[in-house]
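One file, final_15.txt, is given below (compact mmCIF, C-alpha atoms and all ligand atoms).
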# COMPACT_ATOMS: atom_id res chain seq x y z
CA MET Y 11 153.66 79.56 82.41
CA LEU Y 12 151.66 76.42 83.01
CA ILE Y 13 154.46 74.24 84.36
CA ALA Y 14 156.75 74.57 87.37
CA GLN Y 15 158.84 72.25 89.53
CA THR Y 16 158.47 71.43 93.20
CA ARG Y 17 161.37 71.39 95.63
CA GLN Y 18 161.63 67.65 94.89
CA ARG Y 19 162.04 68.47 91.15
CA LEU Y 20 158.59 67.10 90.29
CA TYR Y 21 156.86 68.79 87.38
CA ILE Y 22 153.45 70.28 88.09
CA ASN Y 23 151.20 71.35 85.23
CA SER Y 24 148.53 73.70 86.52
CA LEU Y 25 146.12 72.40 83.85
CA ASP Y 26 146.09 68.98 85.53
CA TYR Y 27 144.57 70.22 88.79
CA SER Y 28 141.36 71.88 89.85
CA ARG Y 29 141.39 75.33 91.44
CA THR Y 30 140.49 73.79 94.80
CA GLN Y 31 143.46 71.39 94.61
CA LEU Y 32 145.82 74.17 93.56
CA LYS Y 33 144.63 76.47 96.36
CA LYS Y 34 145.96 73.98 98.91
CA TRP Y 35 149.46 74.54 97.47
CA ARG Y 36 149.42 78.28 97.82
CA GLN Y 37 152.01 78.21 100.58
CA GLN Y 38 154.23 75.76 98.73
CA VAL Y 39 157.38 76.84 96.91
CA PHE Y 40 157.72 76.25 93.17
CA TYR Y 41 160.63 76.76 90.81
CA CYS Y 42 161.03 77.66 87.14
CA PRO Y 43 162.19 74.52 85.28
CA VAL Y 44 164.53 76.64 83.14
CA CYS Y 45 166.26 79.15 85.45
CA HIS Y 46 165.36 77.43 88.75
CA GLU Y 47 164.37 80.74 90.29
CA GLN Y 48 161.42 80.72 92.61
CA VAL Y 49 158.05 81.32 90.93
CA THR Y 50 154.63 82.02 92.40
CA LEU Y 51 151.45 80.12 91.81
CA LYS Y 52 148.73 82.50 90.69
CA ILE Y 53 145.10 81.52 91.06
CA GLY Y 54 142.75 84.26 89.96
CA THR Y 55 139.03 83.93 89.50
CA THR Y 56 138.89 84.19 85.71
CA ILE Y 57 142.44 83.64 84.50
CA GLN Y 58 143.85 80.13 84.06
CA PRO Y 59 145.93 79.30 87.18
CA HIS Y 60 149.61 79.63 86.28
CA PHE Y 61 153.12 80.22 87.58
CA ALA Y 62 154.88 83.55 87.28
CA HIS Y 63 158.43 84.73 87.89
CA LEU Y 64 158.97 87.39 90.51
CA ALA Y 65 159.40 90.94 89.32
CA HIS Y 66 162.83 91.72 87.75
CA SER Y 67 163.53 88.08 87.00
CA LYS Y 68 166.36 87.53 84.52
CA CYS Y 69 164.96 84.26 83.18
CA THR Y 70 165.62 83.84 79.45
CA VAL Y 71 162.21 82.35 78.70
CA THR Y 72 160.17 84.42 81.09
CA THR Y 73 156.92 85.63 79.61
CA GLU Y 74 156.34 88.95 81.33
CA GLY Y 75 152.79 89.46 82.44
CA GLU Y 76 151.43 86.41 80.67
CA THR Y 77 147.87 87.27 79.70
CA ALA Y 78 144.68 85.29 80.22
CA GLU Y 79 144.46 84.95 76.44
CA HIS Y 80 147.94 83.44 76.16
CA LEU Y 81 147.38 80.93 78.97
CA ALA Y 82 143.95 79.88 77.72
CA GLY Y 83 145.27 79.69 74.14
CA LYS Y 84 148.10 77.36 75.13
CA ALA Y 85 145.65 75.09 76.94
CA LEU Y 86 143.34 75.15 73.91
CA LEU Y 87 146.14 74.24 71.50
CA GLY Y 88 146.93 71.27 73.72
CA GLU Y 89 143.27 70.24 73.58
CA PHE Y 90 143.37 70.39 69.78
CA CYS Y 91 146.49 68.17 69.71
CA ARG Y 92 144.75 65.67 71.98
CA LEU Y 93 141.69 65.70 69.72
CA TRP Y 94 143.84 65.03 66.64
CA GLN Y 95 145.82 62.37 68.52
CA VAL Y 96 149.09 64.20 68.09
CA ASN Y 97 151.77 63.74 70.77
CA PHE Y 98 152.52 67.05 72.40
CA GLU Y 99 154.09 68.70 75.42
CA TYR Y 100 153.63 72.12 76.92
CA GLU Y 101 156.55 74.51 77.44
CA VAL Y 102 159.42 72.16 76.64
CA TYR Y 103 162.73 73.92 77.12
CA LEU Y 104 165.21 73.37 74.29
CA PRO Y 105 168.60 74.12 75.86
CA THR Y 106 170.66 74.19 72.64
CA ILE Y 107 168.71 77.18 71.34
CA LYS Y 108 167.52 78.48 74.75
CA GLN Y 109 163.92 78.57 73.53
CA ARG Y 110 160.71 77.18 74.91
CA PRO Y 111 157.78 76.80 72.49
CA ASP Y 112 154.29 77.11 73.97
CA VAL Y 113 153.46 73.65 72.64
CA LEU Y 114 155.76 71.10 71.03
CA ALA Y 115 153.98 68.57 68.80
CA SER Y 116 156.01 65.55 67.72
CA THR Y 117 155.86 62.42 65.62
CA ASP Y 118 158.70 59.93 65.10
CA THR Y 119 160.18 62.08 62.39
CA ARG Y 120 158.85 65.59 62.89
CA HIS Y 121 158.95 68.19 65.63
CA VAL Y 122 156.69 71.19 65.32
CA ALA Y 123 157.11 74.11 67.70
CA ILE Y 124 153.81 75.92 68.10
CA GLU Y 125 154.00 79.53 69.23
CA PHE Y 126 150.86 81.42 70.21
CA GLN Y 127 151.79 85.07 69.82
CA CYS Y 128 149.59 87.52 71.72
CA SER Y 129 152.05 90.27 72.60
CA PRO Y 130 154.04 92.52 70.27
CA LEU Y 131 157.16 90.87 68.86
CA SER Y 132 159.86 92.68 66.92
CA ILE Y 133 160.65 91.39 63.45
CA GLU Y 134 164.21 90.83 64.62
CA ARG Y 135 163.04 88.56 67.48
CA LEU Y 136 160.64 86.74 65.16
CA ARG Y 137 163.53 86.08 62.77
CA GLU Y 138 165.82 84.89 65.58
CA ARG Y 139 163.30 82.59 67.16
CA THR Y 140 162.24 81.12 63.82
CA SER Y 141 165.80 80.46 62.73
CA GLY Y 142 166.53 78.97 66.16
CA TYR Y 143 163.93 76.26 65.61
CA ARG Y 144 165.00 75.68 62.02
CA ARG Y 145 168.64 75.33 63.09
CA ILE Y 146 167.78 72.24 65.13
CA GLY Y 147 165.51 70.86 62.40
CA TYR Y 148 162.22 71.82 64.02
CA GLU Y 149 159.31 73.29 62.10
CA VAL Y 150 157.59 76.27 63.64
CA VAL Y 151 153.99 77.38 63.42
CA TRP Y 152 153.14 80.89 64.54
CA ILE Y 153 149.55 81.39 65.63
CA LEU Y 154 148.35 84.92 66.20
CA GLY Y 155 146.18 86.21 69.02
CA GLN Y 156 143.60 88.96 69.33
CA ARG Y 157 145.95 91.92 68.93
CA TYR Y 158 146.82 90.75 65.42
CA GLN Y 159 143.25 90.05 64.38
CA ARG Y 160 142.43 93.52 63.17
CA GLN Y 161 141.03 95.12 60.08
CA HIS Y 162 144.09 97.16 59.29
CA TRP Y 163 147.19 95.04 58.77
CA THR Y 164 150.45 96.58 59.90
CA ALA Y 165 154.02 95.53 59.12
CA SER Y 166 153.91 93.20 62.15
CA ASN Y 167 150.89 91.35 60.74
CA HIS Y 168 152.66 90.93 57.42
CA ALA Y 169 155.78 89.63 59.17
CA PHE Y 170 153.91 86.42 60.05
CA LEU Y 171 152.95 85.66 56.45
CA GLN Y 172 153.86 82.23 55.18
CA TYR Y 173 153.51 80.66 51.78
CA SER Y 174 152.51 77.21 50.58
CA ARG Y 175 151.49 75.96 47.17
CA GLN Y 176 148.22 74.65 48.54
CA TRP Y 177 147.18 77.60 50.71
CA GLY Y 178 148.90 80.46 48.88
CA TRP Y 179 149.93 83.18 51.34
CA TYR Y 180 148.54 82.20 54.70
CA GLN Y 181 148.45 82.89 58.41
CA TRP Y 182 147.02 81.20 61.53
CA GLN Y 183 144.81 82.97 64.03
CA LEU Y 184 143.37 81.62 67.26
CA ASP Y 185 140.15 82.97 68.70
CA VAL Y 186 140.30 81.76 72.30
CA SER Y 187 136.80 82.89 73.31
CA GLN Y 188 135.21 81.07 70.36
CA HIS Y 189 137.53 78.03 70.62
CA LYS Y 190 138.36 78.45 66.94
CA LEU Y 191 141.62 78.03 65.11
CA TRP Y 192 141.41 79.86 61.79
CA LEU Y 193 143.51 79.53 58.67
CA LEU Y 194 143.55 82.73 56.63
CA HIS Y 195 144.55 81.56 53.17
CA HIS Y 196 145.09 82.99 49.69
CA ILE Y 197 145.85 86.35 51.24
CA VAL Y 198 146.24 89.11 48.63
CA HIS Y 199 146.60 92.87 48.33
CA TYR Y 200 144.28 94.88 46.15
CA GLY Y 201 143.11 98.42 45.42
CA TYR Y 202 144.32 101.89 46.24
CA PRO Y 203 144.62 102.67 49.09
CA GLN Y 204 145.82 99.15 49.60
CA GLN Y 205 143.56 96.60 51.24
CA VAL Y 206 144.11 93.03 52.40
CA GLY Y 207 141.84 90.29 51.10
CA TYR Y 208 141.74 86.65 52.15
CA GLN Y 209 139.62 83.55 52.54
CA ARG Y 210 139.21 81.99 55.96
CA CYS Y 211 138.43 78.48 57.06
CA SER Y 212 138.35 76.89 60.48
CA VAL Y 213 140.79 74.09 61.14
CA GLU Y 214 138.02 71.47 60.92
CA GLN Y 215 137.25 72.52 57.33
CA ILE Y 216 140.81 72.46 56.06
CA LYS Y 217 140.41 69.23 54.12
CA SER Y 218 137.66 70.78 52.01
CA LEU Y 219 139.54 74.04 51.51
CA TYR Y 220 139.20 75.53 48.04
CA LYS Y 221 140.34 78.66 46.27
CA THR Y 222 137.66 80.92 44.86
CA GLN Y 223 137.94 82.20 41.33
CA HIS Y 224 140.53 84.87 40.67
CA GLN Y 225 138.84 88.24 41.08
CA GLN Y 226 138.75 90.12 37.80
CA LEU Y 227 139.60 93.78 37.59
CA THR Y 228 136.25 95.16 36.39
CA PRO Y 229 136.04 98.58 34.69
CA THR Y 230 134.22 99.85 37.81
CA LYS Y 231 137.07 98.79 40.11
CA LEU Y 232 139.64 100.11 37.66
CA LEU Y 233 137.86 103.46 37.50
CA ALA Y 234 137.58 103.66 41.29
CA GLU Y 235 141.30 102.99 41.68
CA ALA Y 236 142.27 105.56 39.03
CA GLN Y 237 139.93 108.10 40.61
CA GLN Y 238 141.31 107.54 44.11
CA LEU Y 239 144.85 107.93 42.80
CA TYR Y 240 143.87 111.18 41.11
CA ARG Y 241 142.22 112.50 44.32
CA CYS Y 242 145.34 111.76 46.36
CA LEU Y 243 147.50 113.47 43.73
CA VAL Y 244 145.33 116.58 43.93
CA GLN Y 245 145.80 116.53 47.71
CA SER Y 246 149.58 116.10 47.21
CA ALA Y 247 149.67 112.89 49.27
CA PRO Y 248 153.30 112.56 50.51
CA GLU Y 249 153.59 108.90 49.41
CA LEU Y 250 153.03 109.97 45.79
CA LEU Y 251 155.45 112.89 45.51
CA SER Y 252 158.65 111.13 44.50
CA LEU Y 253 156.85 108.82 42.09
CA GLN Y 254 155.02 111.75 40.52
CA GLN Y 255 158.38 113.45 40.05
CA SER Y 256 159.85 110.36 38.35
CA CYS Y 257 156.84 110.32 36.01
CA TYR Y 258 157.38 114.01 35.17
CA LEU Y 259 161.04 113.39 34.37
CA ALA Y 260 159.96 110.68 31.91
CA GLY Y 261 157.42 113.05 30.36
CA HIS Y 262 154.35 111.43 31.95
CA HIS Y 263 151.73 112.18 34.56
CA LEU Y 264 151.00 109.69 37.34
CA ALA Y 265 147.24 110.31 37.07
CA GLY Y 266 147.48 109.10 33.47
CA ALA Y 267 149.38 105.89 34.30
CA PRO Y 268 148.71 103.11 31.78
CA LEU Y 269 145.88 100.69 32.50
CA CYS Y 270 148.38 97.80 32.61
CA CYS Y 271 149.67 99.16 35.94
CA HIS Y 272 146.37 98.38 37.63
CA GLN Y 273 146.13 94.82 38.92
CA ALA Y 274 143.13 92.91 40.27
CA SER Y 275 145.21 91.58 43.14
CA THR Y 276 148.84 90.83 43.89
CA LEU Y 277 151.04 89.04 46.39
CA PRO Y 278 150.58 90.57 49.85
CA ILE Y 279 154.17 91.74 50.14
CA ASN Y 280 154.25 95.43 49.17
CA GLN Y 281 154.14 98.18 51.73
CA GLN Y 282 152.41 100.48 49.25
CA ALA Y 283 149.57 99.77 46.86
CA SER Y 284 150.86 97.68 43.98
CA ILE Y 285 149.89 100.32 41.40
CA LEU Y 286 152.71 102.54 42.68
CA LEU Y 287 155.41 99.91 42.39
CA ALA Y 288 153.99 98.77 39.04
CA VAL Y 289 154.42 102.34 37.72
CA ARG Y 290 158.01 102.34 39.00
CA LEU Y 291 158.65 99.04 37.26
CA LEU Y 292 157.13 100.33 34.03
CA LEU Y 293 159.25 103.51 34.12
CA PHE Y 294 162.26 101.28 34.72
CA CYS Y 295 161.45 99.08 31.69
CA GLU Y 296 160.82 102.15 29.54
CA LYS Y 297 164.12 103.74 30.53
CA GLN Y 298 166.21 100.58 30.18
CA GLY Y 299 164.56 99.53 26.92
CA CYS Y 300 164.99 95.91 27.91
CA VAL Y 301 164.98 93.94 31.16
CA THR Y 302 167.62 91.34 31.90
CA ALA Y 303 167.60 89.13 35.00
CA ALA Y 304 170.45 91.17 36.47
CA GLN Y 305 168.57 94.43 35.95
CA LEU Y 306 165.47 93.00 37.55
CA ASP Y 307 167.60 91.97 40.52
CA GLN Y 308 168.90 95.51 40.67
CA PHE Y 309 165.34 96.87 40.64
CA CYS Y 310 164.42 94.64 43.58
CA TRP Y 311 167.43 95.77 45.59
CA THR Y 312 166.74 99.43 44.80
CA TYR Y 313 163.17 99.14 46.00
CA ALA Y 314 163.79 96.56 48.73
CA THR Y 315 162.28 98.88 51.33
CA ALA Y 316 159.04 99.00 49.35
CA PHE Y 317 158.46 95.40 50.42
CA TYR Y 318 157.48 94.14 53.85
CA GLN Y 319 160.00 92.15 55.84
CA LEU Y 320 158.91 88.51 55.71
CA PRO Y 321 161.15 86.54 58.08
CA LEU Y 322 159.22 83.30 57.62
CA VAL Y 323 159.85 83.13 53.87
CA ASN Y 324 162.82 83.80 51.60
CA GLU Y 325 162.28 87.52 51.14
CA HIS Y 326 164.29 88.50 48.11
CA SER Y 327 162.96 85.68 45.96
CA TRP Y 328 159.41 86.92 46.59
CA GLN Y 329 160.25 90.42 45.46
CA LEU Y 330 161.53 88.91 42.22
CA GLN Y 331 158.43 86.77 42.02
CA TRP Y 332 156.23 89.84 42.30
CA CYS Y 333 158.13 91.56 39.47
CA ARG Y 334 158.02 88.47 37.27
CA GLN Y 335 154.28 88.14 37.78
CA ILE Y 336 153.74 91.72 36.59
CA LEU Y 337 156.18 91.37 33.68
CA GLN Y 338 154.43 88.23 32.52
CA GLN Y 339 151.10 90.05 32.38
CA TRP Y 340 152.71 92.91 30.46
CA GLN Y 341 154.09 90.44 27.99
CA CYS Y 342 150.54 89.15 27.36
CA GLN Y 343 149.37 92.74 26.95
CA ASP Y 344 152.18 93.44 24.45
CA VAL Y 345 153.75 96.06 26.71
CA LEU Y 346 156.89 93.94 26.62
CA ARG Y 347 158.13 91.57 23.94
CA LEU Y 348 160.38 88.60 24.42
CA GLN Y 349 163.32 88.53 22.01
CA GLY Y 350 165.67 85.66 22.62
CA ALA Y 351 165.94 85.49 26.40
CA VAL Y 352 165.46 89.21 26.97
CA LEU Y 353 162.27 91.19 27.47
CA HIS Y 354 162.18 94.38 25.43
CA TYR Y 355 159.98 97.33 26.20
CA HIS Y 356 157.48 97.79 23.39
CA LYS Y 357 154.74 100.26 24.28
CA ALA Y 358 152.33 101.34 27.00
CA LYS Y 359 149.62 103.95 26.63
CA TRP Y 360 150.10 106.84 29.07
CA TYR Y 361 147.25 109.33 29.22
CA PRO Y 362 147.98 113.05 29.39
CA ASP Y 363 145.75 113.43 32.47
CA TYR Y 364 143.15 111.70 34.63
CA PHE Y 365 140.17 112.82 32.55
CA SER Y 366 141.36 111.28 29.31
CA LYS Y 367 142.16 108.10 31.21
CA GLN Y 368 138.67 108.15 32.73
CA LYS Y 369 137.17 108.53 29.25
CA ALA Y 370 139.20 105.60 27.95
CA ILE Y 371 138.07 103.33 30.81
CA LYS Y 372 134.41 104.27 30.35
CA LYS Y 373 134.52 103.58 26.61
ZN ZN Q 1 162.72 81.02 84.66
Reformat the file's structure so that it appears as structure tokens.
Ligand SMILES: [Zn+2]
Amino acid sequence: MLIAQTRQRLYINSLDYSRTQLKKWRQQVFYCPVCHEQVTLKIGTTIQPHFAHLAHSKCTVTTEGETAEHLAGKALLGEFCRLWQVNFEYEVYLPTIKQRPDVLASTDTRHVAIEFQCSPLSIERLRERTSGYRRIGYEVVWILGQRYQRQHWTASNHAFLQYSRQWGWYQWQLDVSQHKLWLLHHIVHYGYPQQVGYQRCSVEQIKSLYKTQHQQLTPTKLLAEAQQLYRCLVQSAPELLSLQQSCYLAGHHLAGAPLCCHQASTLPINQQASILLAVRLLLFCEKQGCVTAAQLDQFCWTYATAFYQLPLVNEHSWQLQWCRQILQQWQCQDVLRLQGAVLHYHKAKWYPDYFSKQKAIKK
């Protein structure tokens, strides 16, 4: 942590002093402002000078082995606030919820807790800490560090997804070494195997942020996806087995799944490629004959585990949203027809095998 108290209860922020000044205080005793245990002043050569609890401390806000990235990131976020003339404080302890955001930015009417997350955090803890802030009327912004800035997105990356009308699905990332705060916006899933796509702009460019044209599903991309699905089926990929069985039971073959199940891109909320869940949804519509709101709800509950946990947004409503988006497209493609208030299954062209599907795409 950056801040500690002296024996006289004075607050000392290590960012406010030079290394030489701090070195004179090496023998002095400092205390944690939250648990009042003794803490040590650490002055390394490369890492930002900071205070650390002693080993086996039971402090509720202790950040075990705070990394150079986390300390430098906190300092950088403060610099940004100063630059934007936003009032802020480092490491303010909020006793009602027993939490201490890295940076707290405030105006007369708004409080925004800024958390720079560098270490692993369970989805449960993320949910708890987020709802803690919301309970006292604070907004919270999660900014992700290096460990989350990777090519392959795991469930923990997805857990930090947020949604806004303006930015679509988005996420913040801080690159401490480059002094850059990035907004990843209009995040989508596409293809099989599933990939994550997004646009990125630095915080300085946010005002001129725009959304690029919706990517079309070209015949080439469609063919590639169908081919990849076929290859994985031939190799008996475990993730396809139960779906392939459901297709069999309905008299179909997964490799011949209708073209309407392939999407250019979808909401970034499915654990598996969207083609697989789209096939499930289509089988469901076919079997039911019609889809009422209650049935759709049922579908979402049944396949709840197919979706990522998204503690920062209302999860179930997004699952429904995903289904509705697909159903709407199928309505345009005459797979479904609206009669009264109910969608009725009309028709979808299943191919007997991959090769006849391939021929149809190439035509
Ligand atoms: Zn403490």
Taking only C-alpha atoms and all ligand atoms into account, produce a table as a tab-separated table in which each residue of chain Y with an atom at most 8 Å from an atom of ligand ZN 1 (chain Q) appears once, together with its shortest atom pair and the distance in Å to one decimal, ordered by chain and rising number.
residue	atom	partner	partner_atom	distance
Y:Tyr41	CA	Q:ZN1	ZN	7.8
Y:Cys42	CA	Q:ZN1	ZN	4.5
Y:Pro43	CA	Q:ZN1	ZN	6.6
Y:Val44	CA	Q:ZN1	ZN	5.0
Y:Cys45	CA	Q:ZN1	ZN	4.1
Y:His46	CA	Q:ZN1	ZN	6.0
Y:Glu47	CA	Q:ZN1	ZN	5.9
Y:Val49	CA	Q:ZN1	ZN	7.8
Y:His63	CA	Q:ZN1	ZN	6.5
Y:Ser67	CA	Q:ZN1	ZN	7.5
Y:Lys68	CA	Q:ZN1	ZN	7.5
Y:Cys69	CA	Q:ZN1	ZN	4.2
Y:Thr70	CA	Q:ZN1	ZN	6.6
Y:Val71	CA	Q:ZN1	ZN	6.1
Y:Thr72	CA	Q:ZN1	ZN	5.6
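CA of Ala85 in chain Y is positioned 24.7 Å from CA of Arg17 in chain Y.
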Taking into account all atoms listed in the file, which residue in the set Y:Val198, Y:Ile146, Y:Ala169, Y:Leu81 is nearest to Thr106 in chain Y? Y:Ile146
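With CA of Leu193 in chain Y on one side and CA of Gln109 in chain Y on the other, the separation reads 25.3 Å.
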Go ahead and find all residues with at least one atom no further than 9 Å from (155.0, 89.2, 44.5) in the file's coordinates, using only C-alpha atoms; report them as a PyMOL selection string. chain Y and resi 276-280+327-336
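Of the residues under consideration (Y:His80, Y:His326, Y:His272, Y:His263), Y:His263 shows the shortest atom-to-atom contact distance to Tyr364 in chain Y when counting all atoms listed in the file.
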Using all atoms listed in the file, can you tell me which of Y:Tyr258, Y:Tyr148, Y:Leu194, Y:Ile153 comes closest to Tyr208 in chain Y? Y:Leu194
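The space between CA of His162 in chain Y and CA of Ser252 in chain Y spans 25.0 Å.
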Could you list as a ChimeraX atom specification every residue that has an atom within 12 Å of (159.6, 110.8, 35.5), using the file's coordinates and counting all atoms listed in the file? /Y:251-264,267,289-294,296-297
Find the residues around Gln188 in chain Y up to 12 Å (all atoms listed in the file counted), leave out those fewer than 6 positions away in its own chain, and share them as a VMD selection string. chain Y and resid 79 82 to 83 86 156 212
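Among the candidates Y:Val96, Y:Ile133, Y:Val102, Y:Val186, the one nearest to Ser116 in chain Y when counting all atoms listed in the file is Y:Val96.
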Contact residues around Ser284 in chain Y with all atoms listed in the file at 8 Å, ignoring same-chain residues under 5 positions, as a PyMOL selection string: chain Y and resi 199-201+204+272-273+276
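Closest approach to Ser24 in chain Y among Y:Gln58, Y:Gln308, Y:Thr164, Y:Thr315 is made by Y:Gln58 (distances from only C-alpha atoms).
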My list of candidates is Y:Leu184, Y:Ser166, Y:Gly350, Y:Gln226. Which is closest to Glu134 in chain Y when distances are computed with only C-alpha atoms? Y:Ser166
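The shell of residues at most 10 Å from Lys359 in chain Y, with all atoms listed in the file counted and near chain neighbours (fewer than 4 positions) removed, consists of Y:Gly266, Y:Ala267, Y:Pro268, Y:Leu269, Y:Cys270, Y:Val345, Y:Lys367.
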So that I can see what lies close to range 301-306 of chain Y, please list as a PyMOL selection string the residues with an atom at most 8 Å from it, counting all atoms listed in the file and leaving out residues fewer than 2 positions away in the same chain. chain Y and resi 295+298-299+308-310+330+333+352-355
Ile13 in chain Y surroundings by all atoms listed in the file, 9 Å radius, close-in-sequence under 3 positions cut, as a list in words: Tyr21, Ile22, Asn23, Ser24, Leu25, Cys42, Pro43, His60, Phe61, Tyr100 and Glu101 of chain Y
Residue rebuild result range 347-363 of chain Y, N, CA and C atoms as a tab-separated table (two decimals), in the coordinates of the input:
chain	number	residue	atom	x	y	z
Y	347	ARG	N	158.01	92.67	24.91
Y	347	ARG	CA	158.13	91.57	23.94
Y	347	ARG	C	159.40	90.77	24.23
Y	348	LEU	N	159.24	89.47	24.16
Y	348	LEU	CA	160.38	88.60	24.42
Y	348	LEU	C	161.16	88.40	23.13
Y	349	GLN	N	162.44	88.77	23.16
Y	349	GLN	CA	163.32	88.53	22.01
Y	349	GLN	C	164.52	87.77	22.52
Y	350	GLY	N	164.64	86.53	22.06
Y	350	GLY	CA	165.67	85.66	22.62
Y	350	GLY	C	165.31	85.40	24.06
Y	351	ALA	N	166.23	85.72	24.97
Y	351	ALA	CA	165.94	85.49	26.40
Y	351	ALA	C	165.63	86.81	27.10
Y	352	VAL	N	165.58	87.89	26.34
Y	352	VAL	CA	165.46	89.21	26.97
Y	352	VAL	C	164.11	89.86	26.65
Y	353	LEU	N	163.52	90.47	27.67
Y	353	LEU	CA	162.27	91.19	27.47
Y	353	LEU	C	162.58	92.62	27.01
Y	354	HIS	N	161.98	93.01	25.92
Y	354	HIS	CA	162.18	94.38	25.43
Y	354	HIS	C	160.92	95.20	25.64
Y	355	TYR	N	161.13	96.44	26.02
Y	355	TYR	CA	159.98	97.33	26.20
Y	355	TYR	C	159.41	97.64	24.82
Y	356	HIS	N	158.10	97.51	24.66
Y	356	HIS	CA	157.48	97.79	23.39
Y	356	HIS	C	156.67	99.08	23.47
Y	357	LYS	N	155.49	99.01	24.11
Y	357	LYS	CA	154.74	100.26	24.28
Y	357	LYS	C	153.70	100.14	25.40
Y	358	ALA	N	153.41	101.27	26.01
Y	358	ALA	CA	152.33	101.34	27.00
Y	358	ALA	C	151.66	102.69	26.80
Y	359	LYS	N	150.34	102.71	26.90
Y	359	LYS	CA	149.62	103.95	26.63
Y	359	LYS	C	149.48	104.79	27.90
Y	360	TRP	N	150.25	105.87	27.97
Y	360	TRP	CA	150.10	106.84	29.07
Y	360	TRP	C	149.05	107.86	28.63
Y	361	TYR	N	148.23	108.28	29.54
Y	361	TYR	CA	147.25	109.33	29.22
Y	361	TYR	C	147.79	110.67	29.71
Y	362	PRO	N	147.44	111.74	28.99
Y	362	PRO	CA	147.98	113.05	29.39
Y	362	PRO	C	147.48	113.50	30.77
Y	363	ASP	N	146.27	113.06	31.15
Y	363	ASP	CA	145.75	113.43	32.47
Y	363	ASP	C	144.69	112.41	32.91
